[in-house]
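In what follows, a structure is listed as structure tokens, so that the remarks can point back to it.
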Amino acid sequence: GGLSVLEEEKKDIPLSFDDEVVRAIEHKDKVKLRFYMESMCPGCKIFTYMVLKALMGNDEVRNMVDLEVVPFGNGQLYTDDSFTCQHGPGECVGNKLIACMQHHYPITDQHKTGFLPAMACLAQSDDDPELAAAQCCVKGKISYDVVRQCAYGHEGDQLALKAAKDTYALDPPHQWSPWITLNHVPVLHSAWDLLPSICEAYTGPRGGICRRALHRVKGKGDQSGLSQRRQVDGSGAGYSVCELGSLDDDVQMPY
């Protein structure tokens, strides 16, 4: 009644999974963080370098999160699959640059920060993304040639169209940019103090950073940080967002 030689050999052969399946298994507990943005919106730029960069720079947080940046924001998508961007053609180029950075340099266990340092550099630059891209790729340790070839070619067009369609498919629709969802649920005004929401949504074992974040929220302890939506521009009115159909970049978050 023992196993045949062939069956014994089969028993020792590890199962072979497609890479995507392995990724799905490894990421099953991860919170799906989606950042719907546009490259020249001041509020999106601020969120990128003040919130997202800090969060994803922490190993503990990064292990809880499956991040996807969707660079389209308040653009217009037409029935023939053409589109325009809220802040003009330069923003369309910037969106493609970000999409290509993410596509070619994703965040992985081997490359823990991926495209994010280069994207944060774009966000912190006063130059248009097209002018800042080469320097930011060098700073982010990714290849500008790879990103440029993608952004100005067919691949960039396809990535930009996907971002547009993904944004239009949002349910409920986004109301402004930056628009953040966790597991497909909009976080609205909690975007600027995102860590407690990530910790609450995470179903895996939580570490010290979550215990501290949830304790702070529960006890209304340290309120000096992002939970108070620090006045980035000195106006004291909170963070600005870009509203649909508006080129006014100084619309305040509706608290």
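FYI, nothing fancy with the structure tokens labels: chains A, B, ... in order, residues from 1 per chain, ligands from 1 as they appear.
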
Q. Which residues in segment 116-229 of chain A does DSSP call helix (DSSP H, G or I)? List them as a count of residues only.
A. 71

Q.
Would you pick out the contacts of Tyr168 of chain A at 10 Å or less, using only C-alpha atoms, so that residues sharing its chain but fewer than 6 positions from it are not included, and give the list as a ChimeraX atom specification?
A. /A:72-77,162,174

Emit the selected residues as a PDB file, in the first residue's frame, including all heavy atoms.
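Output file out.pdb is given in full below:
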```pdb
ATOM      1  N   PHE A  72      -4.444  60.357 -13.375  1.00  0.00           N
ATOM      2  CA  PHE A  72      -5.370  60.974 -14.328  1.00  0.00           C
ATOM      3  C   PHE A  72      -6.168  62.094 -13.674  1.00  0.00           C
ATOM      4  O   PHE A  72      -6.373  63.161 -14.256  1.00  0.00           O
ATOM      5  CB  PHE A  72      -6.331  59.926 -14.911  1.00  0.00           C
ATOM      6  CG  PHE A  72      -7.221  60.481 -15.982  1.00  0.00           C
ATOM      7  CD1 PHE A  72      -6.707  60.841 -17.212  1.00  0.00           C
ATOM      8  CD2 PHE A  72      -8.580  60.645 -15.753  1.00  0.00           C
ATOM      9  CE1 PHE A  72      -7.535  61.367 -18.208  1.00  0.00           C
ATOM     10  CE2 PHE A  72      -9.416  61.167 -16.739  1.00  0.00           C
ATOM     11  CZ  PHE A  72      -8.889  61.528 -17.969  1.00  0.00           C
ATOM     12  N   GLY A  73      -6.645  61.850 -12.468  1.00  0.00           N
ATOM     13  CA  GLY A  73      -7.310  62.899 -11.703  1.00  0.00           C
ATOM     14  C   GLY A  73      -8.575  63.411 -12.350  1.00  0.00           C
ATOM     15  O   GLY A  73      -9.482  62.656 -12.683  1.00  0.00           O
ATOM     16  N   ASN A  74      -8.622  64.719 -12.585  1.00  0.00           N
ATOM     17  CA  ASN A  74      -9.836  65.377 -13.078  1.00  0.00           C
ATOM     18  C   ASN A  74      -9.830  65.578 -14.585  1.00  0.00           C
ATOM     19  O   ASN A  74     -10.501  66.468 -15.106  1.00  0.00           O
ATOM     20  CB  ASN A  74     -10.005  66.739 -12.395  1.00  0.00           C
ATOM     21  CG  ASN A  74     -10.111  66.614 -10.883  1.00  0.00           C
ATOM     22  OD1 ASN A  74     -10.551  65.589 -10.366  1.00  0.00           O
ATOM     23  ND2 ASN A  74      -9.692  67.650 -10.179  1.00  0.00           N
ATOM     24  N   GLY A  75      -9.060  64.763 -15.295  1.00  0.00           N
ATOM     25  CA  GLY A  75      -9.034  64.861 -16.747  1.00  0.00           C
ATOM     26  C   GLY A  75     -10.368  64.450 -17.357  1.00  0.00           C
ATOM     27  O   GLY A  75     -11.268  63.956 -16.676  1.00  0.00           O
ATOM     28  N   GLN A  76     -10.487  64.659 -18.653  1.00  0.00           N
ATOM     29  CA  GLN A  76     -11.707  64.306 -19.388  1.00  0.00           C
ATOM     30  C   GLN A  76     -11.394  63.168 -20.364  1.00  0.00           C
ATOM     31  O   GLN A  76     -10.456  63.267 -21.161  1.00  0.00           O
ATOM     32  CB  GLN A  76     -12.227  65.522 -20.170  1.00  0.00           C
ATOM     33  CG  GLN A  76     -12.678  66.672 -19.296  1.00  0.00           C
ATOM     34  CD  GLN A  76     -13.980  66.366 -18.565  1.00  0.00           C
ATOM     35  OE1 GLN A  76     -14.915  65.804 -19.132  1.00  0.00           O
ATOM     36  NE2 GLN A  76     -14.043  66.731 -17.292  1.00  0.00           N
ATOM     37  N   LEU A  77     -12.184  62.098 -20.271  1.00  0.00           N
ATOM     38  CA  LEU A  77     -12.056  60.959 -21.181  1.00  0.00           C
ATOM     39  C   LEU A  77     -13.224  60.978 -22.158  1.00  0.00           C
ATOM     40  O   LEU A  77     -14.378  61.142 -21.747  1.00  0.00           O
ATOM     41  CB  LEU A  77     -12.055  59.651 -20.381  1.00  0.00           C
ATOM     42  CG  LEU A  77     -12.035  58.343 -21.173  1.00  0.00           C
ATOM     43  CD1 LEU A  77     -10.755  58.204 -21.986  1.00  0.00           C
ATOM     44  CD2 LEU A  77     -12.200  57.148 -20.229  1.00  0.00           C
ATOM     45  N   LYS A 162      -5.411  53.589 -19.546  1.00  0.00           N
ATOM     46  CA  LYS A 162      -5.849  52.708 -18.459  1.00  0.00           C
ATOM     47  C   LYS A 162      -6.142  53.511 -17.195  1.00  0.00           C
ATOM     48  O   LYS A 162      -7.146  53.286 -16.505  1.00  0.00           O
ATOM     49  CB  LYS A 162      -4.798  51.638 -18.165  1.00  0.00           C
ATOM     50  CG  LYS A 162      -5.214  50.673 -17.051  1.00  0.00           C
ATOM     51  CD  LYS A 162      -4.135  49.638 -16.759  1.00  0.00           C
ATOM     52  CE  LYS A 162      -4.625  48.622 -15.727  1.00  0.00           C
ATOM     53  NZ  LYS A 162      -5.061  49.216 -14.455  1.00  0.00           N
ATOM     54  N   HIS A 174     -14.980  59.869  -8.003  1.00  0.00           N
ATOM     55  CA  HIS A 174     -14.169  60.775  -7.176  1.00  0.00           C
ATOM     56  C   HIS A 174     -14.760  62.180  -7.235  1.00  0.00           C
ATOM     57  O   HIS A 174     -15.415  62.562  -8.211  1.00  0.00           O
ATOM     58  CB  HIS A 174     -12.710  60.747  -7.626  1.00  0.00           C
ATOM     59  CG  HIS A 174     -12.401  61.569  -8.842  1.00  0.00           C
ATOM     60  ND1 HIS A 174     -12.850  61.254 -10.112  1.00  0.00           N
ATOM     61  CD2 HIS A 174     -11.672  62.707  -8.980  1.00  0.00           C
ATOM     62  CE1 HIS A 174     -12.414  62.150 -10.968  1.00  0.00           C
ATOM     63  NE2 HIS A 174     -11.700  63.048 -10.315  1.00  0.00           N
TER      64      HIS A 174
END
```

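Residue nearest Cys121 of chain A, chosen from A:His103, A:Ser39, A:Cys92, A:Gly156 and counting only C-alpha atoms: A:Ser39.
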
Who sits within 7 Å of segment 48-58 of chain A, only C-alpha atoms, same chain under 2 positions skipped, as a JSON list (two decimals) with N, CA and C atoms, in the first residue's frame:
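That gives us part03.json:
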```
[["chain", "number", "residue", "atom", "x", "y", "z"],
["A", 44, "CYS", "N", -2.19, 67.20, -4.87],
["A", 44, "CYS", "CA", -1.64, 65.87, -5.17],
["A", 44, "CYS", "C", -0.13, 65.85, -4.91],
["A", 45, "LYS", "N", 0.53, 66.93, -5.27],
["A", 45, "LYS", "CA", 1.97, 67.01, -5.04],
["A", 45, "LYS", "C", 2.26, 66.98, -3.53],
["A", 46, "ILE", "N", 1.49, 67.75, -2.77],
["A", 46, "ILE", "CA", 1.68, 67.79, -1.32],
["A", 46, "ILE", "C", 1.42, 66.42, -0.70],
["A", 60, "GLU", "N", 7.31, 48.73, 8.02],
["A", 60, "GLU", "CA", 6.12, 48.12, 8.62],
["A", 60, "GLU", "C", 4.87, 48.48, 7.83],
["A", 61, "VAL", "N", 4.77, 49.75, 7.45],
["A", 61, "VAL", "CA", 3.61, 50.20, 6.67],
["A", 61, "VAL", "C", 3.64, 49.58, 5.28],
["A", 62, "ARG", "N", 4.81, 49.59, 4.66],
["A", 62, "ARG", "CA", 4.93, 49.06, 3.30],
["A", 62, "ARG", "C", 4.52, 47.59, 3.23],
["A", 113, "THR", "N", 11.40, 50.71, -2.39],
["A", 113, "THR", "CA", 10.79, 52.02, -2.64],
["A", 113, "THR", "C", 10.40, 52.21, -4.10],
["A", 116, "LEU", "N", 8.82, 55.39, -6.18],
["A", 116, "LEU", "CA", 8.28, 56.44, -5.34],
["A", 116, "LEU", "C", 9.25, 57.61, -5.08],
["A", 120, "ALA", "N", 8.17, 61.35, -5.91],
["A", 120, "ALA", "CA", 8.17, 62.38, -4.86],
["A", 120, "ALA", "C", 9.03, 63.57, -5.26],
["A", 123, "ALA", "N", 7.09, 65.70, -7.48],
["A", 123, "ALA", "CA", 6.09, 66.43, -6.70],
["A", 123, "ALA", "C", 6.69, 67.63, -5.98],
["A", 124, "GLN", "N", 7.94, 67.51, -5.56],
["A", 124, "GLN", "CA", 8.58, 68.59, -4.81],
["A", 124, "GLN", "C", 9.21, 69.64, -5.71],
["A", 192, "TRP", "N", -5.37, 62.65, 4.95],
["A", 192, "TRP", "CA", -4.16, 63.30, 5.44],
["A", 192, "TRP", "C", -3.65, 62.68, 6.73]]
```

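For Ala151 of chain A, the set of protein, DNA and RNA residues having any atom at most 7 Å away, when counting only C-alpha atoms and skipping those fewer than 2 positions along the same chain, is Lys96, Leu97, Cys100, Val147, Arg148, Gln149, Gly153, Glu155 and Gly156 of chain A.
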
Q.
Applying 12 Å and only C-alpha atoms, which residues near Ile198 of chain A remain after dropping the ones on its own chain fewer than 6 positions away? List them as number ranges by chain.
A. A: 29-34, 55-56, 60-67, 180-183, 185, 187, 190-192, 204, 206, 209-211, 213-214

Q. When you draw a straight line from atom CA of Gln175 of chain A to atom CA of Ala163 of chain A, how long is it in Å?
A. 16.3 Å

**Q.** Counting only C-alpha atoms, the residue of A:Lys165, A:Lys112, A:Val217, A:Gln102 that sits nearest Leu194 of chain A
**A.** A:Val217
